[in-house]
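What follows is the content of protein-v1.cif (mmCIF, C-alpha atoms).
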data_my_file
loop_
_atom_site.label_atom_id
_atom_site.label_comp_id
_atom_site.auth_asym_id
_atom_site.auth_seq_id
_atom_site.Cartn_x
_atom_site.Cartn_y
_atom_site.Cartn_z
CA MET X 1 73.84 107.11 -197.46
CA LYS X 2 74.12 106.86 -201.23
CA TRP X 3 77.15 109.16 -201.36
CA LEU X 4 78.77 107.49 -198.35
CA LEU X 5 78.57 104.18 -200.24
CA VAL X 6 80.01 105.87 -203.36
CA ALA X 7 82.93 107.20 -201.27
CA ILE X 8 83.59 103.74 -199.78
CA VAL X 9 83.45 102.12 -203.24
CA VAL X 10 85.81 104.72 -204.76
CA LEU X 11 88.41 104.47 -201.97
CA THR X 12 88.43 100.68 -201.72
CA THR X 13 88.49 100.28 -205.52
CA THR X 14 91.46 102.63 -205.81
CA VAL X 15 93.45 100.84 -203.09
CA GLY X 16 92.45 97.45 -204.52
CA GLU X 17 93.39 98.16 -208.14
CA VAL X 18 96.65 99.98 -207.43
CA MET X 19 97.72 97.17 -205.08
CA GLN X 20 96.66 94.60 -207.68
CA ALA X 21 98.75 96.30 -210.37
CA MET X 22 101.69 96.47 -207.97
CA GLY X 23 101.33 92.81 -207.00
CA MET X 24 101.08 91.65 -210.61
CA LYS X 25 104.13 93.69 -211.66
CA HIS X 26 105.95 92.17 -208.68
CA HIS X 27 104.92 88.70 -209.90
CA GLY X 28 105.96 89.38 -213.47
CA GLU X 29 104.37 88.86 -216.87
CA ILE X 30 102.26 85.72 -217.34
CA HIS X 31 103.44 83.90 -220.50
CA ASP X 32 102.18 80.36 -220.04
CA PHE X 33 98.39 79.88 -220.00
CA SER X 34 98.30 76.09 -219.52
CA PRO X 35 96.14 74.98 -216.52
CA ASN X 36 99.21 73.75 -214.62
CA ALA X 37 101.09 77.00 -215.07
CA LEU X 38 98.02 79.05 -214.09
CA GLY X 39 97.64 76.90 -210.97
CA ARG X 40 101.22 77.75 -210.01
CA VAL X 41 100.53 81.45 -210.67
CA LEU X 42 97.47 81.37 -208.37
CA ALA X 43 99.47 79.59 -205.66
CA ALA X 44 102.22 82.21 -205.89
CA LEU X 45 99.68 85.04 -205.79
CA THR X 46 98.16 83.83 -202.49
CA ARG X 47 101.57 84.52 -200.92
CA ASN X 48 101.88 87.94 -202.57
CA ARG X 49 101.06 90.53 -199.90
CA TYR X 50 100.02 93.22 -202.38
CA ILE X 51 97.52 90.81 -203.91
CA VAL X 52 96.21 89.80 -200.47
CA ILE X 53 95.64 93.47 -199.51
CA SER X 54 94.11 94.11 -202.93
CA PHE X 55 91.65 91.22 -202.46
CA LEU X 56 90.59 92.50 -199.04
CA ALA X 57 90.03 96.01 -200.46
CA MET X 58 88.14 94.63 -203.45
CA ALA X 59 85.92 92.44 -201.28
CA PHE X 60 84.93 95.58 -199.33
CA SER X 61 84.45 97.43 -202.59
CA PHE X 62 82.30 94.64 -204.00
CA PHE X 63 79.89 94.44 -201.05
CA ALA X 64 79.63 98.24 -200.83
CA PHE X 65 78.91 98.27 -204.58
CA MET X 66 76.26 95.56 -204.13
CA ALA X 67 74.59 97.64 -201.40
CA LEU X 68 74.78 100.70 -203.67
CA ILE X 69 73.20 99.12 -206.74
CA SER X 70 70.53 97.41 -204.67
CA SER X 71 69.29 100.89 -203.70
CA ALA X 72 70.34 103.13 -206.61
CA ASP X 73 70.14 102.90 -210.43
CA LEU X 74 73.00 101.13 -212.17
CA SER X 75 73.27 104.15 -214.49
CA PHE X 76 73.98 106.29 -211.40
CA ALA X 77 76.17 103.81 -209.54
CA VAL X 78 78.63 102.89 -212.30
CA PRO X 79 79.55 106.45 -213.40
CA ALA X 80 79.57 107.83 -209.82
CA THR X 81 82.19 105.30 -208.81
CA ALA X 82 84.35 106.37 -211.77
CA ALA X 83 85.95 109.06 -209.61
CA SER X 84 88.43 106.31 -208.78
CA TYR X 85 89.85 106.92 -212.29
CA VAL X 86 91.50 110.21 -211.53
CA LEU X 87 92.87 108.94 -208.22
CA GLU X 88 94.22 105.77 -209.83
CA THR X 89 95.92 107.53 -212.76
CA VAL X 90 97.68 109.88 -210.33
CA LEU X 91 98.76 106.93 -208.17
CA ALA X 92 99.90 104.96 -211.24
CA LYS X 93 102.35 107.77 -211.93
CA ALA X 94 103.36 108.41 -208.30
CA LEU X 95 103.58 104.85 -206.93
CA LEU X 96 103.91 102.59 -209.98
CA LYS X 97 106.22 105.04 -211.80
CA GLU X 98 104.32 104.63 -215.06
CA HIS X 99 105.25 106.99 -217.84
CA ILE X 100 102.09 108.90 -218.70
CA GLY X 101 102.55 110.82 -221.94
CA ILE X 102 100.38 113.56 -223.38
CA LYS X 103 98.13 111.10 -225.25
CA ARG X 104 97.46 109.08 -222.14
CA TRP X 105 96.71 112.13 -219.96
CA ALA X 106 94.41 113.51 -222.67
CA GLY X 107 92.71 110.11 -222.97
CA ALA X 108 92.28 109.78 -219.20
CA LEU X 109 90.79 113.29 -218.99
CA LEU X 110 88.40 112.63 -221.90
CA VAL X 111 87.27 109.40 -220.24
CA THR X 112 86.78 111.14 -216.88
CA GLY X 113 84.80 113.91 -218.60
CA GLY X 114 82.74 111.35 -220.48
CA VAL X 115 81.96 109.39 -217.34
CA THR X 116 80.94 112.63 -215.58
CA LEU X 117 78.54 113.44 -218.45
CA LEU X 118 77.12 109.92 -218.21
CA SER X 119 76.26 110.47 -214.54
CA MET X 120 74.32 113.71 -215.26
CA MET Z 121 97.60 90.26 -229.64
CA LYS Z 122 97.63 88.89 -226.06
CA THR Z 123 96.81 92.40 -224.80
CA ARG Z 124 93.91 92.70 -227.25
CA VAL Z 125 92.36 89.32 -226.34
CA PHE Z 126 92.59 90.00 -222.61
CA THR Z 127 91.27 93.55 -222.98
CA ILE Z 128 88.16 92.19 -224.73
CA ILE Z 129 87.65 89.49 -222.04
CA VAL Z 130 88.06 92.08 -219.26
CA ILE Z 131 85.51 94.42 -220.88
CA LEU Z 132 82.87 91.78 -221.67
CA THR Z 133 82.99 90.01 -218.30
CA ASN Z 134 82.76 93.38 -216.51
CA VAL Z 135 79.80 94.71 -218.52
CA LEU Z 136 77.82 91.44 -218.48
CA GLY Z 137 78.70 90.76 -214.83
CA ASN Z 138 77.52 94.19 -213.65
CA PHE Z 139 74.44 94.01 -215.86
CA LEU Z 140 73.30 90.62 -214.50
CA LEU Z 141 74.17 91.63 -210.93
CA GLY Z 142 72.05 94.77 -211.30
CA LEU Z 143 69.18 92.82 -212.85
CA GLY Z 144 69.30 90.14 -210.13
CA LEU Z 145 69.47 92.67 -207.28
CA ARG Z 146 66.36 94.37 -208.62
CA ASP Z 147 64.50 91.17 -207.71
CA VAL Z 148 66.23 90.87 -204.34
CA GLY Z 149 65.45 94.43 -203.22
CA SER Z 150 67.51 96.96 -201.26
CA LEU Z 151 70.39 95.54 -199.23
CA VAL Z 152 71.23 98.79 -197.43
CA GLY Z 153 71.23 98.31 -193.66
CA ARG Z 154 70.44 94.58 -193.87
CA SER Z 155 72.41 91.83 -192.13
CA PRO Z 156 75.38 90.06 -193.79
CA LEU Z 157 73.05 87.06 -194.13
CA ALA Z 158 70.92 89.04 -196.60
CA PHE Z 159 74.04 89.56 -198.77
CA ILE Z 160 74.82 85.83 -198.66
CA LEU Z 161 71.22 84.89 -199.48
CA ALA Z 162 71.25 87.35 -202.41
CA LEU Z 163 74.02 85.21 -203.95
CA PHE Z 164 71.49 82.38 -204.39
CA ASN Z 165 69.51 84.42 -206.88
CA PRO Z 166 70.50 82.82 -210.24
CA LEU Z 167 71.15 86.14 -212.00
CA VAL Z 168 73.23 87.40 -209.08
CA ALA Z 169 75.16 84.10 -209.05
CA ILE Z 170 75.97 84.26 -212.78
CA GLY Z 171 76.87 87.94 -212.41
CA VAL Z 172 79.26 87.13 -209.54
CA GLY Z 173 80.78 84.28 -211.59
CA LEU Z 174 81.45 86.68 -214.48
CA LEU Z 175 82.95 89.23 -212.09
CA VAL Z 176 85.32 86.55 -210.76
CA ALA Z 177 86.38 85.88 -214.38
CA TRP Z 178 86.76 89.66 -214.79
CA MET Z 179 89.02 89.85 -211.73
CA LEU Z 180 91.28 87.01 -212.93
CA SER Z 181 91.61 88.32 -216.51
CA HIS Z 182 92.21 91.84 -215.15
CA MET Z 183 95.05 90.51 -212.98
CA ALA Z 184 96.60 88.65 -215.92
CA LEU Z 185 96.41 91.80 -218.07
CA LEU Z 186 98.01 93.91 -215.32
CA SER Z 187 100.92 91.46 -215.10
CA TRP Z 188 102.28 93.06 -218.29
CA ALA Z 189 100.26 96.20 -219.09
CA ASP Z 190 100.30 99.60 -217.31
CA LEU Z 191 97.46 100.45 -214.93
CA SER Z 192 97.21 103.86 -216.64
CA TYR Z 193 96.66 101.98 -219.94
CA VAL Z 194 94.23 99.32 -218.66
CA LEU Z 195 92.01 101.82 -216.80
CA PRO Z 196 90.94 104.08 -219.69
CA ILE Z 197 90.82 101.26 -222.26
CA THR Z 198 88.48 99.12 -220.19
CA SER Z 199 86.28 102.16 -219.53
CA ILE Z 200 84.66 101.48 -222.90
CA GLY Z 201 82.57 99.23 -220.64
CA TYR Z 202 80.74 102.35 -219.41
CA ALA Z 203 79.70 103.12 -222.98
CA LEU Z 204 78.59 99.52 -223.50
CA THR Z 205 76.59 99.67 -220.24
CA ALA Z 206 74.72 102.69 -221.64
CA PHE Z 207 73.95 100.79 -224.86
CA MET Z 208 72.81 97.71 -222.91
CA GLY Z 209 70.57 99.84 -220.70
CA ARG Z 210 69.07 101.45 -223.80
CA ILE Z 211 68.55 98.19 -225.70
CA PHE Z 212 67.66 95.63 -223.03
CA LEU Z 213 66.22 97.68 -220.16
CA HIS Z 214 64.66 100.37 -222.38
CA GLU Z 215 66.24 103.09 -220.23
CA GLN Z 216 66.13 106.59 -221.67
CA VAL Z 217 69.60 107.75 -222.72
CA SER Z 218 69.68 111.56 -222.88
CA PRO Z 219 71.80 113.56 -225.40
CA THR Z 220 74.13 114.48 -222.49
CA ARG Z 221 74.75 110.79 -221.85
CA TRP Z 222 75.42 110.08 -225.52
CA ALA Z 223 77.93 112.96 -225.45
CA GLY Z 224 79.56 111.24 -222.48
CA VAL Z 225 79.74 107.99 -224.45
CA ALA Z 226 81.38 109.87 -227.37
CA LEU Z 227 84.03 111.42 -225.06
CA ILE Z 228 84.84 108.00 -223.58
CA VAL Z 229 85.21 106.45 -227.03
CA LEU Z 230 87.54 109.31 -228.08
CA GLY Z 231 89.60 108.87 -224.90
CA VAL Z 232 89.87 105.13 -225.47
CA ILE Z 233 91.06 105.67 -229.07
CA LEU Z 234 93.76 108.09 -227.83
CA VAL Z 235 95.02 105.77 -225.09
CA GLY Z 236 94.80 102.83 -227.49
CA HIS Z 237 97.49 104.53 -229.54
CA THR Z 238 100.00 104.36 -226.68
CA ALA Z 239 102.18 101.35 -225.87
CA PRO Z 240 100.57 99.11 -223.21
CA ARG Z 241 103.81 98.97 -221.22
CA SER Z 242 105.74 102.18 -220.58
CA ARG Z 243 108.67 100.85 -218.58
CA LYS Z 244 110.77 97.77 -218.03
CA PRO Z 245 109.50 95.35 -215.31
CA GLU Z 246 112.47 96.02 -212.99
CA ALA Z 247 111.62 99.73 -212.83
CA VAL Z 248 108.89 98.94 -210.31
CA ALA Z 249 111.46 97.89 -207.69
CA GLU Z 250 111.74 101.37 -206.23
CA PRO Z 251 108.10 102.04 -205.25
CA GLU Z 252 107.92 98.51 -203.91
CA CYS Z 253 110.76 99.20 -201.51
CA MET Z 254 108.96 102.34 -200.38
CA LEU Z 255 105.77 100.40 -199.82
CA GLU Z 256 107.54 97.56 -198.09
CA GLU Z 257 108.82 100.05 -195.52
CA VAL Z 258 105.32 101.40 -194.96
CA LEU Z 259 103.80 97.93 -194.69
CA THR Z 260 106.36 96.48 -192.27
CA ARG Z 261 106.26 99.48 -189.99
#

Take the structure I supplied and represent it as structure tokens, if you would.
Amino acid sequence: MKWLLVAIVVLTTTVGEVMQAMGMKHHGEIHDFSPNALGRVLAALTRNRYIVISFLAMAFSFFAFMALISSADLSFAVPATAASYVLETVLAKALLKEHIGIKRWAGALLVTGGVTLLSM
Amino acid sequence: MKTRVFTIIVILTNVLGNFLLGLGLRDVGSLVGRSPLAFILALFNPLVAIGVGLLVAWMLSHMALLSWADLSYVLPITSIGYALTAFMGRIFLHEQVSPTRWAGVALIVLGVILVGHTAPRSRKPEAVAEPECMLEEVLTR
């Protein structure tokens, strides 16, 4: 049950975050942080389909995560769900066409290794 | 500067939000296999409520940050939160942190320093047009 919840959290988090990044890139950089401008941004985002899908995925991810940490230690739950890292970095390159140089790959691998050690 | 401020907000709201959520759910008890009503009722626990509020702030600041920074930049940088979670567990919950875990924290910090030396944005905004077209096809099918 614990690992099924971890799998659900990892998959929904990956879909949610990649879609969120895609939706925000589609929207464009936020420059103006006045309340009015942020209101307009939020209104525009509710019509952004990537953001809508990302919210659905993240809502799933959130409730699965809540179920997970209600039954398992936080120090198990947080690192175990970090598998979404590797998946997301690969998708950032494949889908979002991000340029991932040697430093960034090395950094991502170190982080993944570190998170794995944390979960042991 | 903008990237730095938002990175710090994203990290702090995530660490504190998860911490309070975990603390609150300890009082509530296991939610596995319980009805959706149990999840809703759990939100009325004050610690859970504050935790959820912080996670909403995390989500919004994360979205703002992603509007200009790469996902492959934001992901590793904000992972310093894992290291902070270990420190918070050690200090506030008196959890035992083994040498293996401290080694994990060290690796994460090293990784964050490396990624921190790369530019937050690797490509021009219009470069994302291509994958979007691909996805649009998939989504409208």

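Shortest atom-to-atom contact with chain Z among X:Met24, X:Val6, X:Ala43, X:Leu38: X:Met24, counting all atoms listed in the file.
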
Pull out every residue of chain X that has at least one atom within 6 Å of chain Z, counting all atoms listed in the file, and report them as a list in words. Ala21, Met24, Lys25, Gly28, Glu29, Ala67, Ser70, Ser71, Thr89, Leu95, His99, Lys103, Arg104, Gly107, Ala108, Leu110, Val111, Gly114, Val115, Leu117 and Leu118 of chain X

Please write the residues from the selection above to a file, keeping C-alpha atoms, as an mmCIF file, in the frame of the given file.
data_model
loop_
_atom_site.group_PDB
_atom_site.id
_atom_site.type_symbol
_atom_site.label_atom_id
_atom_site.label_comp_id
_atom_site.auth_asym_id
_atom_site.auth_seq_id
_atom_site.Cartn_x
_atom_site.Cartn_y
_atom_site.Cartn_z
ATOM 1 C CA ALA X 21 98.750 96.300 -210.370
ATOM 2 C CA MET X 24 101.080 91.650 -210.610
ATOM 3 C CA LYS X 25 104.130 93.690 -211.660
ATOM 4 C CA GLY X 28 105.960 89.380 -213.470
ATOM 5 C CA GLU X 29 104.370 88.860 -216.870
ATOM 6 C CA ALA X 67 74.590 97.640 -201.400
ATOM 7 C CA SER X 70 70.530 97.410 -204.670
ATOM 8 C CA SER X 71 69.290 100.890 -203.700
ATOM 9 C CA THR X 89 95.920 107.530 -212.760
ATOM 10 C CA LEU X 95 103.580 104.850 -206.930
ATOM 11 C CA HIS X 99 105.250 106.990 -217.840
ATOM 12 C CA LYS X 103 98.130 111.100 -225.250
ATOM 13 C CA ARG X 104 97.460 109.080 -222.140
ATOM 14 C CA GLY X 107 92.710 110.110 -222.970
ATOM 15 C CA ALA X 108 92.280 109.780 -219.200
ATOM 16 C CA LEU X 110 88.400 112.630 -221.900
ATOM 17 C CA VAL X 111 87.270 109.400 -220.240
ATOM 18 C CA GLY X 114 82.740 111.350 -220.480
ATOM 19 C CA VAL X 115 81.960 109.390 -217.340
ATOM 20 C CA LEU X 117 78.540 113.440 -218.450
ATOM 21 C CA LEU X 118 77.120 109.920 -218.210
#

Selected by the PyMOL selection byres ((chain X and resi 86) around 10) in the shown coordinates: which residues, as a VMD selection string? (chain X and resid 14 82 to 85 87 to 92 108 to 109 111 to 112) or (chain Z and resid 192 195)

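Ranking Z:Ile160, Z:Met121, Z:Ile128, Z:Leu136 by their shortest atom-to-atom distance to Phe63 in chain X, with all atoms listed in the file included, puts Z:Ile160 first.
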
What does the PyMOL selection byres ((chain X and resi 50) around 9) select in this file, as a PyMOL selection string? chain X and resi 16+19-24+26+45+47-49+51-55

Using C-alpha atoms, can you write the selected residues to a file as a short mmCIF file (atom, residue, chain, number, x, y, z; two decimals), keeping the file's coordinate frame?
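The resulting file, selection.cif, is shown below:
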data_model
loop_
_atom_site.label_atom_id
_atom_site.label_comp_id
_atom_site.auth_asym_id
_atom_site.auth_seq_id
_atom_site.Cartn_x
_atom_site.Cartn_y
_atom_site.Cartn_z
CA GLY X 16 92.45 97.45 -204.52
CA MET X 19 97.72 97.17 -205.08
CA GLN X 20 96.66 94.60 -207.68
CA ALA X 21 98.75 96.30 -210.37
CA MET X 22 101.69 96.47 -207.97
CA GLY X 23 101.33 92.81 -207.00
CA MET X 24 101.08 91.65 -210.61
CA HIS X 26 105.95 92.17 -208.68
CA LEU X 45 99.68 85.04 -205.79
CA ARG X 47 101.57 84.52 -200.92
CA ASN X 48 101.88 87.94 -202.57
CA ARG X 49 101.06 90.53 -199.90
CA ILE X 51 97.52 90.81 -203.91
CA VAL X 52 96.21 89.80 -200.47
CA ILE X 53 95.64 93.47 -199.51
CA SER X 54 94.11 94.11 -202.93
CA PHE X 55 91.65 91.22 -202.46
#

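What separates CA of Ser61 in chain X from CA of Val9 in chain X is a distance of 4.8 Å.
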
Distance CA of Thr123 in chain Z-CA of His27 in chain X, one decimal place?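 Taking CA of Thr123 in chain Z and CA of His27 in chain X, their separation equals 17.4 Å.
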
Quick one, how far is CA of Arg124 in chain Z from CA of Leu204 in chain Z? 17.2 Å

Could you expand the PyMOL selection byres ((chain Z and resi 133) around 9) into the explicit residues it covers here, written as a PyMOL selection string? chain Z and resi 128-132+134-138+171+174-179+181
